[in-house]
Every structure is written in structure tokens, then in C-alpha cells.
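**Q** Got a file for you: run21.tsv, TSV, C-alpha atoms.
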```tsv
chain	number	residue	atom	x	y	z
A	10	MET	CA	85.69	116.74	83.10
A	11	PRO	CA	82.15	115.48	82.34
A	12	SER	CA	81.39	114.96	78.67
A	13	GLN	CA	79.12	117.47	76.98
A	14	THR	CA	75.84	116.29	75.53
A	15	LYS	CA	75.16	117.42	71.97
A	16	PRO	CA	71.80	119.08	71.41
A	17	ALA	CA	69.26	116.80	69.78
A	18	ALA	CA	67.30	117.69	66.69
A	19	GLY	CA	65.27	120.81	67.23
A	20	GLY	CA	67.84	122.38	69.58
A	21	VAL	CA	66.59	120.57	72.68
A	22	THR	CA	69.26	119.16	74.97
A	23	PRO	CA	68.21	115.83	76.51
A	24	THR	CA	68.65	115.55	80.28
A	25	THR	CA	69.80	112.45	82.15
A	26	LYS	CA	69.32	111.87	85.86
A	27	VAL	CA	72.66	111.18	87.53
A	28	ASP	CA	72.97	109.87	91.08
A	29	ALA	CA	75.22	111.86	93.42
A	30	PRO	CA	78.65	110.21	93.66
A	31	GLU	CA	79.64	108.54	96.90
A	32	ARG	CA	81.90	110.74	99.03
A	33	VAL	CA	85.30	109.19	99.58
A	34	PRO	CA	88.36	110.64	101.37
A	35	LEU	CA	90.98	112.15	99.08
A	36	ASP	CA	94.74	112.46	99.41
A	37	LYS	CA	96.67	115.72	99.12
A	38	ASP	CA	96.64	115.44	95.31
A	39	GLY	CA	92.87	115.03	95.20
A	40	LYS	CA	93.00	111.32	94.39
A	41	PRO	CA	90.74	108.82	96.24
A	42	LEU	CA	92.46	107.07	99.12
A	43	PRO	CA	92.63	103.27	98.89
A	44	LYS	CA	90.06	101.30	100.82
A	45	PRO	CA	91.29	100.63	104.36
A	46	LYS	CA	92.49	97.24	105.54
A	47	PHE	CA	91.25	96.10	108.90
A	48	GLN	CA	93.19	92.86	109.33
A	49	PRO	CA	95.29	93.02	112.52
A	50	VAL	CA	98.87	91.82	112.26
A	51	VAL	CA	100.05	89.47	115.00
A	52	LEU	CA	103.72	88.61	115.33
A	53	PRO	CA	104.00	85.63	117.73
A	54	ASN	CA	107.21	84.56	119.43
A	55	ARG	CA	109.22	87.57	118.33
A	56	GLY	CA	110.88	89.58	121.03
A	57	PRO	CA	113.39	92.44	121.36
A	58	GLY	CA	116.47	92.17	119.19
A	59	ARG	CA	114.69	90.57	116.24
A	60	GLY	CA	113.40	93.77	114.67
A	61	ASP	CA	109.73	93.17	115.42
A	62	HIS	CA	109.39	94.66	118.89
A	63	PRO	CA	106.71	97.38	118.89
A	64	ALA	CA	109.13	100.10	119.97
A	65	GLU	CA	111.50	99.22	117.11
A	66	ASN	CA	108.68	99.55	114.58
A	67	ALA	CA	107.73	103.09	115.64
A	68	LYS	CA	109.59	104.74	112.76
A	69	SER	CA	107.10	107.57	112.27
A	70	PRO	CA	105.17	108.21	115.50
A	71	GLY	CA	102.15	110.47	115.28
A	72	ALA	CA	102.55	111.41	118.94
A	73	ALA	CA	105.99	112.89	118.28
A	74	ALA	CA	104.50	114.95	115.44
A	75	GLY	CA	101.86	116.36	117.80
A	76	HIS	CA	98.87	114.80	116.02
A	77	VAL	CA	97.94	112.27	118.71
A	78	ARG	CA	98.24	111.95	122.48
A	79	PHE	CA	98.00	108.47	123.99
A	80	THR	CA	96.71	107.66	127.48
A	81	VAL	CA	96.57	104.06	128.70
A	82	ALA	CA	94.49	102.57	131.51
A	83	CYS	CA	93.56	99.10	132.71
A	84	GLU	CA	90.00	97.95	133.42
A	85	PRO	CA	89.65	96.78	136.14
A	86	ALA	CA	92.48	98.56	137.94
A	87	THR	CA	93.82	95.28	139.36
A	88	VAL	CA	93.40	91.72	138.14
A	89	ALA	CA	93.91	88.54	140.15
A	90	PRO	CA	95.85	85.56	138.76
A	91	GLY	CA	93.59	83.61	136.42
A	92	GLY	CA	91.43	86.68	135.81
A	93	GLN	CA	90.86	88.82	132.75
A	94	GLY	CA	90.80	92.51	131.94
A	95	THR	CA	91.07	95.09	129.18
A	96	LEU	CA	93.84	97.50	128.33
A	97	VAL	CA	92.08	100.70	127.25
A	98	VAL	CA	93.99	103.07	124.98
A	99	TYR	CA	92.70	106.63	124.55
A	100	MET	CA	93.86	108.36	121.36
A	101	ALA	CA	93.21	112.11	121.63
A	102	LEU	CA	93.38	113.67	118.15
A	103	ALA	CA	94.84	117.17	117.92
A	104	GLY	CA	94.28	119.97	115.42
A	105	ASN	CA	92.45	118.98	112.23
A	106	ALA	CA	93.44	115.32	112.51
A	107	VAL	CA	90.62	112.81	112.16
A	108	MET	CA	90.52	109.06	111.70
A	109	LEU	CA	87.98	106.99	109.80
A	110	ASP	CA	85.60	104.77	111.76
A	111	PRO	CA	86.47	101.93	111.69
A	112	PRO	CA	90.09	103.01	111.23
A	113	PRO	CA	92.44	101.45	108.69
A	114	ALA	CA	94.73	100.29	111.49
A	115	GLU	CA	97.12	97.39	111.95
A	116	PHE	CA	98.45	96.10	115.25
A	117	LEU	CA	101.85	94.65	116.12
A	118	PHE	CA	102.09	92.67	119.33
A	119	GLU	CA	103.16	89.44	120.91
A	120	ARG	CA	100.25	87.25	121.98
A	121	ALA	CA	101.99	86.00	125.16
A	122	GLN	CA	103.81	88.60	127.25
A	123	GLY	CA	105.16	87.16	130.48
A	124	GLY	CA	102.23	86.33	132.74
A	125	LEU	CA	99.76	88.03	130.37
A	126	MET	CA	98.04	86.78	127.23
A	127	VAL	CA	96.31	88.97	124.64
A	128	VAL	CA	93.04	87.27	123.67
A	129	GLY	CA	90.99	88.03	120.60
A	130	GLU	CA	92.02	91.11	118.63
A	131	PRO	CA	92.32	94.79	119.56
A	132	ARG	CA	89.16	96.66	118.62
A	133	PHE	CA	88.14	100.32	118.48
A	134	ARG	CA	84.95	101.47	120.14
A	135	PRO	CA	82.51	103.14	117.72
A	136	ALA	CA	82.98	106.89	117.31
A	137	GLN	CA	80.79	108.95	119.63
A	138	THR	CA	80.46	111.76	117.08
A	139	SER	CA	80.58	111.38	113.32
A	140	GLY	CA	80.02	113.41	110.18
A	141	LEU	CA	81.31	116.64	111.74
A	142	ALA	CA	84.49	117.02	109.69
A	143	PRO	CA	83.64	119.50	106.88
A	144	ALA	CA	85.96	117.89	104.33
A	145	LEU	CA	84.59	114.41	105.08
A	146	LYS	CA	80.96	115.34	105.59
A	147	GLY	CA	78.75	112.33	106.02
A	148	LEU	CA	81.62	109.91	106.65
A	149	PRO	CA	81.92	108.34	110.11
A	150	VAL	CA	85.14	109.61	111.67
A	151	TYR	CA	86.82	110.02	115.02
A	152	ASP	CA	87.29	113.78	115.19
A	153	ASP	CA	88.18	114.14	118.86
A	154	LEU	CA	88.86	110.87	120.64
A	155	ALA	CA	89.30	107.24	119.59
A	156	VAL	CA	89.24	104.45	122.17
A	157	LEU	CA	91.01	101.15	121.58
A	158	GLU	CA	90.40	98.02	123.68
A	159	VAL	CA	92.94	95.23	124.07
A	160	PRO	CA	91.50	92.23	125.98
A	161	PHE	CA	93.88	90.05	127.99
A	162	THR	CA	94.00	87.30	130.58
A	163	VAL	CA	96.37	86.78	133.49
A	164	ASP	CA	98.10	83.44	133.94
A	165	ALA	CA	97.06	81.54	137.06
A	166	GLY	CA	100.69	81.44	138.18
A	167	ALA	CA	101.46	85.11	137.47
A	168	ALA	CA	103.41	86.90	140.18
A	169	VAL	CA	101.76	89.67	142.15
A	170	GLY	CA	102.88	93.11	140.99
A	171	SER	CA	103.13	95.17	137.79
A	172	HIS	CA	103.35	93.49	134.38
A	173	PRO	CA	104.02	95.34	131.09
A	174	LEU	CA	101.65	94.88	128.16
A	175	ASP	CA	103.03	96.44	124.96
A	176	LEU	CA	101.90	96.75	121.37
A	177	ALA	CA	102.23	99.09	118.42
A	178	ILE	CA	99.62	100.53	116.11
A	179	ARG	CA	99.92	101.57	112.47
A	180	TYR	CA	97.22	104.03	111.47
A	181	GLU	CA	96.30	106.80	109.06
A	182	LEU	CA	95.20	110.36	109.82
A	183	LEU	CA	93.16	112.61	107.53
A	184	ASP	CA	92.65	116.38	107.56
A	185	GLY	CA	89.05	116.97	108.55
A	186	GLN	CA	89.06	120.63	107.51
A	187	LYS	CA	90.97	120.69	104.24
A	188	GLY	CA	90.67	117.08	103.20
A	189	GLY	CA	93.51	114.82	102.13
A	190	GLU	CA	95.88	112.64	104.08
A	191	ILE	CA	97.99	114.00	106.93
A	192	GLY	CA	100.13	110.89	107.03
A	193	ARG	CA	100.54	107.31	108.09
A	194	PHE	CA	102.12	106.67	111.46
A	195	THR	CA	103.33	103.91	113.76
A	196	ASP	CA	103.27	104.47	117.51
A	197	PRO	CA	104.28	102.21	120.40
A	198	ILE	CA	101.77	101.78	123.22
A	199	ALA	CA	103.08	100.77	126.63
A	200	GLY	CA	100.56	99.57	129.19
A	201	THR	CA	100.85	98.21	132.71
A	202	VAL	CA	98.69	95.56	134.35
A	203	THR	CA	98.67	95.28	138.13
A	204	VAL	CA	98.22	91.71	139.33
A	205	SER	CA	96.74	91.57	142.82
A	206	PRO	CA	96.60	88.66	145.26
A	207	ALA	CA	93.65	86.35	144.78
A	208	THR	CA	90.82	87.05	147.21
A	209	VAL	CA	90.36	84.26	149.77
A	210	ALA	CA	86.82	83.59	150.97
A	211	PRO	CA	86.48	84.01	154.74
A	212	ASN	CA	86.29	80.83	156.86
A	213	ALA	CA	82.73	80.20	157.97
A	214	SER	CA	83.96	78.78	161.30
A	215	ALA	CA	85.99	81.84	162.21
A	216	PRO	CA	84.44	84.32	164.68
A	217	ALA	CA	82.64	87.24	163.12
A	218	VAL	CA	84.52	90.51	162.82
A	219	GLY	CA	84.03	92.61	165.95
A	220	ALA	CA	82.85	89.72	168.11
A	221	ALA	CA	84.93	89.36	171.28
A	222	ALA	CA	86.00	85.88	172.37
A	223	LYS	CA	84.38	84.79	175.63
A	224	PRO	CA	86.95	84.21	178.39
A	225	HIS	CA	87.17	80.66	179.67
A	226	GLY	CA	84.77	80.00	182.53
A	227	LEU	CA	82.59	83.08	181.90
A	228	ASP	CA	79.02	82.26	180.99
A	229	ALA	CA	76.68	84.47	178.98
A	230	GLY	CA	75.23	86.07	182.08
A	231	GLY	CA	78.50	86.63	183.95
A	232	ASP	CA	79.96	89.97	184.95
A	233	ALA	CA	82.90	91.07	182.82
A	234	GLY	CA	84.26	93.05	185.74
A	235	ASP	CA	84.47	89.90	187.91
A	236	ALA	CA	86.31	88.12	185.14
```
Output the structure of this file as C-alpha cells.

**A**
Amino acid sequence: MPSQTKPAAGGVTPTTKVDAPERVPLDKDGKPLPKPKFQPVVLPNRGPGRGDHPAENAKSPGAAAGHVRFTVACEPATVAPGGQGTLVVYMALAGNAVMLDPPPAEFLFERAQGGLMVVGEPRFRPAQTSGLAPALKGLPVYDDLAVLEVPFTVDAGAAVGSHPLDLAIRYELLDGQKGGEIGRFTDPIAGTVTVSPATVAPNASAPAVGAAAKPHGLDAGGDAGDA
């Protein structure tokens, strides 16, 4: 509760100009949420059976609670050995769920996964719309769709076919209508990268496509019927 100012001599109450406080997201008890941490977490050389596999860390998935729906795609659709691409994760937010931009998210993944290698760090694309959540007015948020990019490279000796690329994400959802925190969740993300055969440049000495080979003994002015 703001302190009351005692009237000065003569019954005149002095006025003081106060700047508007910065809007910050609040939890369900009305307390300010802690500032988000954006440092990704990388767990190298830890596979299934050691407790750090992404699927084993999904203790409280937001997708199972109906707050988020994940769709995964690969850009480009196929990648040749030695090439590079991006795993694109679409997070569709349901109901009143919103996520701050940039989100206070952490990532769990293995850098090397078979013939694939995650390079750099996963990054969210900027929100296309922001400031529309009534309870978080003025704050940049994802209120409909958040897009995550995971860059990777394909080993030069990778086999042709499908290769899994898995990770998990820990994130926090807020209520854009009522304010406060909906919860903190961990979801596994399973992607697939299709490795295609490397494209071989055509041989310059080979006959052009559609050109018929000239039979032996037939000159350019000969009659094909006679041949």
C-alpha cells in the first residue's frame, strides 16, 4: 500500500511525479515472476539408460495437458551427406496459454546423434504478434504460435534413409487473459531427417538426353529407312 503524504503547512498536500511502474508478469499469487534464463542446457555423450534422454526428462509435458501441440518438419525436406539443414518445431499454443518472447526455455539434447550433429544452439523465431494478451499488455509474447529452429549437419558418411533427431524443451506458460503462471513443462520433441543420395553432376562427354545415337555407317544425310 503506498504511503500517505501528510498535508504541509496551510493544508496543501504536496504532489510528487511518479513514473509508471514497469509491467512484469505475475504468478497466481500476484507476485512477480523471476527473470527468465535463456542459457540452453547441452548434455553431451549421455544416451538412453543414463537418465538424461529427452524422453526420460518429460516428467510434466504441456502437450499431454492440452496447452501445446507440437509439429516438426525438416528444412529442406531431404539433405545429402555432408549437407546441413534445420529442424523446425512449431509450438501451437492452446486456450489462454502464452509464452514470453524470448521464452525462458532450456533445451536438453545430445550434440551428436548418429549421422547427425546439432550445430549452434536452438533458437526461437521472433513472435509475429505481440502485446495482444490483456493480462500482459505491452509485453512481447507468443500468443498463438512459437517456432523453434534447431540447426544440424549431416555426416559425410551418413547412410541414406531416415535419421532421428531428438531433444527436449523445458519452458514456462503464462495465462494471457487472467495473468499468472499456468505452469512449467518439459516436452520431448522427436524429429526425423531424411538423408538423400548425393547428386552426381552429369558427365559432359555423355550424349545429351533425348539425342539418338547414330547407327554405325549412317552419315548425317543418310536415310533412316535404308538403315

**Q** Interatomic distance between CA of Met100 (chain A) and CA of Ala121 (chain A)?

**A**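 Pair CA of Met100 (chain A) / CA of Ala121 (chain A) returns 24.1 Å.
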
**Q** Which of these residues is nearest to Ala142 (chain A), using only C-alpha atoms: A:Ser171, A:Asp110, A:Gln186, A:Met126?

**A**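 That would be A:Gln186, the residue with the smallest distance to Ala142 (chain A).
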
**Q** List the neighbours of Cys83 (chain A) out to 9 Å using all atoms listed in the file; skip same-chain residues closer than 3 positions along the sequence, and give me the result as a PDB file with C-alpha atoms, keeping the file's coordinate frame.

**A**
```pdb
ATOM      1  CA  ALA A  86      92.480  98.560 137.940  1.00  0.00           C
ATOM      2  CA  THR A  87      93.820  95.280 139.360  1.00  0.00           C
ATOM      3  CA  GLY A  94      90.800  92.510 131.940  1.00  0.00           C
ATOM      4  CA  THR A  95      91.070  95.090 129.180  1.00  0.00           C
ATOM      5  CA  LEU A  96      93.840  97.500 128.330  1.00  0.00           C
ATOM      6  CA  VAL A  97      92.080 100.700 127.250  1.00  0.00           C
ATOM      7  CA  VAL A  98      93.990 103.070 124.980  1.00  0.00           C
ATOM      8  CA  GLY A 200     100.560  99.570 129.190  1.00  0.00           C
ATOM      9  CA  THR A 201     100.850  98.210 132.710  1.00  0.00           C
ATOM     10  CA  VAL A 202      98.690  95.560 134.350  1.00  0.00           C
ATOM     11  CA  THR A 203      98.670  95.280 138.130  1.00  0.00           C
TER      12      THR A 203
END
```

**Q** Give the answer as one residue: which of A:Gln122, A:Thr162, A:Asn105, A:Thr195 has the shortest atom-to-atom distance to Pro90 (chain A), using all atoms listed in the file?

**A** A:Thr162

**Q** Show me, as a PyMOL selection string, the residues that have an atom within 12 Å of Pro112 (chain A) when counting only C-alpha atoms, minus same-chain residues fewer than 3 positions from it.

**A** chain A and resi 44-49+107-109+115-116+131-136+148-152+155-157+178-183+193

**Q** Between A:Ala177, A:Leu145, A:Ile198, A:Ile191, which one has atoms that come closest to Ala114 (chain A), using only C-alpha atoms?

**A** A:Ala177

**Q** Please compute the CA of Glu158 (chain A)-CA of Leu176 (chain A) distance, one decimal, in Å.

**A**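 Interatomic distance here is 11.8 Å.
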
**Q** What does the distance between CA of Pro173 (chain A) and CA of Ala199 (chain A) come to in Å, to one decimal place?

**A**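 Pair CA of Pro173 (chain A) / CA of Ala199 (chain A) returns 7.1 Å.
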
**Q** Which residue gives the smallest distance to Gly170 (chain A) among A:Pro206, A:Pro85, A:Gly129, A:Gly104, with all atoms listed in the file counted?

**A**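 Using all atoms listed in the file, Gly170 (chain A) sits closest to A:Pro206.
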
**Q** Have a look at A:Val159, A:Gly189, A:Val127, A:Val169 and name the one nearest to Pro143 (chain A); count only C-alpha atoms.

**A** A:Gly189
